[in-house]
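Colleague: One structure follows; several queries about it will come next.
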Number of protein chains: 2
Amino acid sequence: MQIAILTFDGFNELDSFIASGILNRMRPKGWKAFITSPSESVTSMNGVTVQAERPLEFASRADAVLIGSGMKTREIVQNRDLLGRIRLDPESQIIGAQCSGTLILSKLGLVDDLPVCTDLTTKPWVVEAGVRVLDQPFYANGNIGTAGGCLASQYLAAWVIMHGGSREDARAALHYVAPVGQKDEYVTRAIETVSSFLPK
Amino acid sequence: MQIAILTFDGFNELDSFIASGILNRMRPKGWKAFITSPSESVTSMNGVTVQAERPLEFASRADAVLIGSGMKTREIVQNRDLLGRIRLDPESQIIGAQCSGTLILSKLGLVDDLPVCTDLTTKPWVVEAGVRVLDQPFYANGNIGTAGGCLASQYLAAWVIMHGGSREDARAALHYVAPVGQKDEYVTRAIETVSSFLPK
């Protein structure tokens with residue numbers, strides 16, 4: 001599994017790096033998550049500059065795509081050139097969006113009449129776009145999943161691993177990142193949060 | 001509060017960015033966390049290259065210092081030149097270490113006979129250094145705190161905010177990053193995990 005973590009200028013560090021860090025626990029099984037950006041480098045909402053590992057066009061070739069969140073999402077969804085570079089196929093790709101990434105997902109026409117998750121700041125804009133927002137950390141239908149709240153990115157990553165790998169893979173990745181002394185609690189909650197949203 | 005997030009080559013993205021992201025929620029109150037590194041850029045354990053915001057020497061001037069974790073910590077603690085550039089004062093600075101960062105903290109002579117937290121991989125090396133490792137996500141005594149397990153970096157950040165700010169500040173920062181629909185659960189657990197370790 002090759003995974004694109006879409007990361008734009010103004011990005012939220014937690015949203016891109018929690019998901020990519022957990023997904024990269026699967027590297028021994030040939031998976032790799034890449035910071036995927038519209039320019040050679042991007043600068044986070046707090047001023048941290050990161051080199052892109054893949055250009056935006058990589059998203060169309062990836063097996064899974066997670067759309068990260070940030071401070072400039074409302075500008076991004078107005079930028080037709082930039083949006084035009086993101087070509088996704090929900091039939092063949094696992095696609096997720098984190099917090100304000102849900103707004104991009106919606107603008108790409110991938111939400112249809114599904115309900116979604118997003119963060120509390122983005123919620124009014126997603127509602128304005130005519131989409132129903134759920135008061136829960138994660139929701140998915142088929143190959144499209146959304147998460148709300150930075151730390152819910154662990155659920156988005158767990159869902160991708162369970163979807164493209166196995167429940168045991170997800171348990172192992174979550175166990176590694178969970179706090180010492182609270183690992184069972186974290187793993188169980190994450191698996192419970194996402195497992196009802198996997199294809200039967 | 002100016003905060004140095006010590007970030008070395010081979011760093012674990014979750015450990016540096018969860019802490020810095022949560023601490024930077026305090027920017028409206030004049031706080032700022034900086035990725036602080038021994039070279040102009042550092043590359044993570046998964047290949048992501050990040051520009052340092054501050055040089056390693058900034059740590060001695062910061063109000064708080066969090067030592068991040070990574071794949072190369074055992075090499076770092078053998079590098080006297082590099083360790084010599086890190087000058088910390090536990091009397092005047094709040095000092096925390098995350099996962100394998102605890103090994104650096106110990107090598108800097110800042111652990112004394114305190115017990116510590118670290119991740120399960122680093123644990124044998126810390127034990128070998130003669131330090132008692134606790135089976136819990138967070139522990140602090142005075143100005144020195146340690147956390148184990150990547151996602152426990154939220155506790156390290158919460159402790160710094162409660163230590164240098166207030167409980168309400170910590171609640172607000174944690175509430176923002178917590179998953180939607182689970183915010184009270186996350187905030188309560190984090191506050192409970194760290195509050196008994198604050199100076200009376």
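Starting from 1 in every chain, residues are counted up; chains themselves are A, B, ... following the order of the structure tokens, and ligands are numbered from 1 as listed.
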When the cut-off is 8 Å and we count only C-alpha atoms, which residues of chain A are near chain B, given as a ChimeraX atom specification?
Modeller: /A:12-14,17-18,21,24,35,46,48-53,118-120,135-137,148-152,176-182
Colleague: Using only C-alpha atoms, which of the listed residues (B:Gly130, B:Pro124, B:Pro199, B:Gly145) sits closest to Gln98 of chain B?
Modeller: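 Once distances to Gln98 of chain B are computed over only C-alpha atoms, the minimum belongs to B:Gly145.
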Colleague: Quick one: DSSP strand (DSSP E) residues in segment 9-113 of chain B, as a list in words?
Modeller: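 Assigned to strand (DSSP E), within segment 9-113 of chain B: Lys32, Ala33, Phe34, Ile35, Thr36, Ser37, Ser41, Val42, Thr43, Thr49, Val50, Gln51, Arg54, Pro55, Ala64, Val65, Leu66, Ile67, Ile94, Ile95, Gly96, Ala97 and Gln98 of chain B.
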Colleague: Using only C-alpha atoms, which residue out of B:Leu6, B:Val133, B:Leu198, B:Ala140 lies closest to Met162 of chain B?
Modeller: B:Leu198
Colleague: Residues of chain A classed as helix (DSSP H, G or I) by DSSP on the backbone are to be reported as a PyMOL selection string.
Modeller: chain A and resi 13-29+56-60+73-76+80-84+101-107+123-128+150-164+167-177+183-195
Colleague: Of the candidates A:Phe197, A:Thr102, A:Val187, A:Pro38, which shows the shortest atom-to-atom distance to Phe58 of chain A, using only C-alpha atoms?
Modeller: A:Pro38
Colleague: For the atom pair atom CA of Leu82 of chain A and atom CA of Ser106 of chain A, what is the interatomic distance in Å to one decimal place?
Modeller: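 Here the two named atoms are 14.8 Å from each other.
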Colleague: How far is it from atom CA of Gly142 of chain B to atom CA of Ile191 of chain B, in Å with one decimal?
Modeller: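 Straight-line distance from atom CA of Gly142 of chain B to atom CA of Ile191 of chain B works out to 16.9 Å.
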Colleague: Hey, which of A:Val131, A:Lys107, A:Lys123, A:Ala97 ends up closest to Thr146 of chain A? Count only C-alpha atoms.
Modeller: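 Comparing A:Val131, A:Lys107, A:Lys123, A:Ala97 against Thr146 of chain A, the winner is A:Ala97.
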Colleague: Enter the distance from atom CA of Leu66 of chain A to atom CA of Arg171 of chain A, in Å, rounded to one decimal.
Modeller: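 Going from atom CA of Leu66 of chain A over to atom CA of Arg171 of chain A, I get 19.8 Å.
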Colleague: Pick the closest to Arg61 of chain B from B:Met26, B:Leu83, B:Gln78, B:Gln93: which is it, counting only C-alpha atoms?
Modeller: B:Gln93
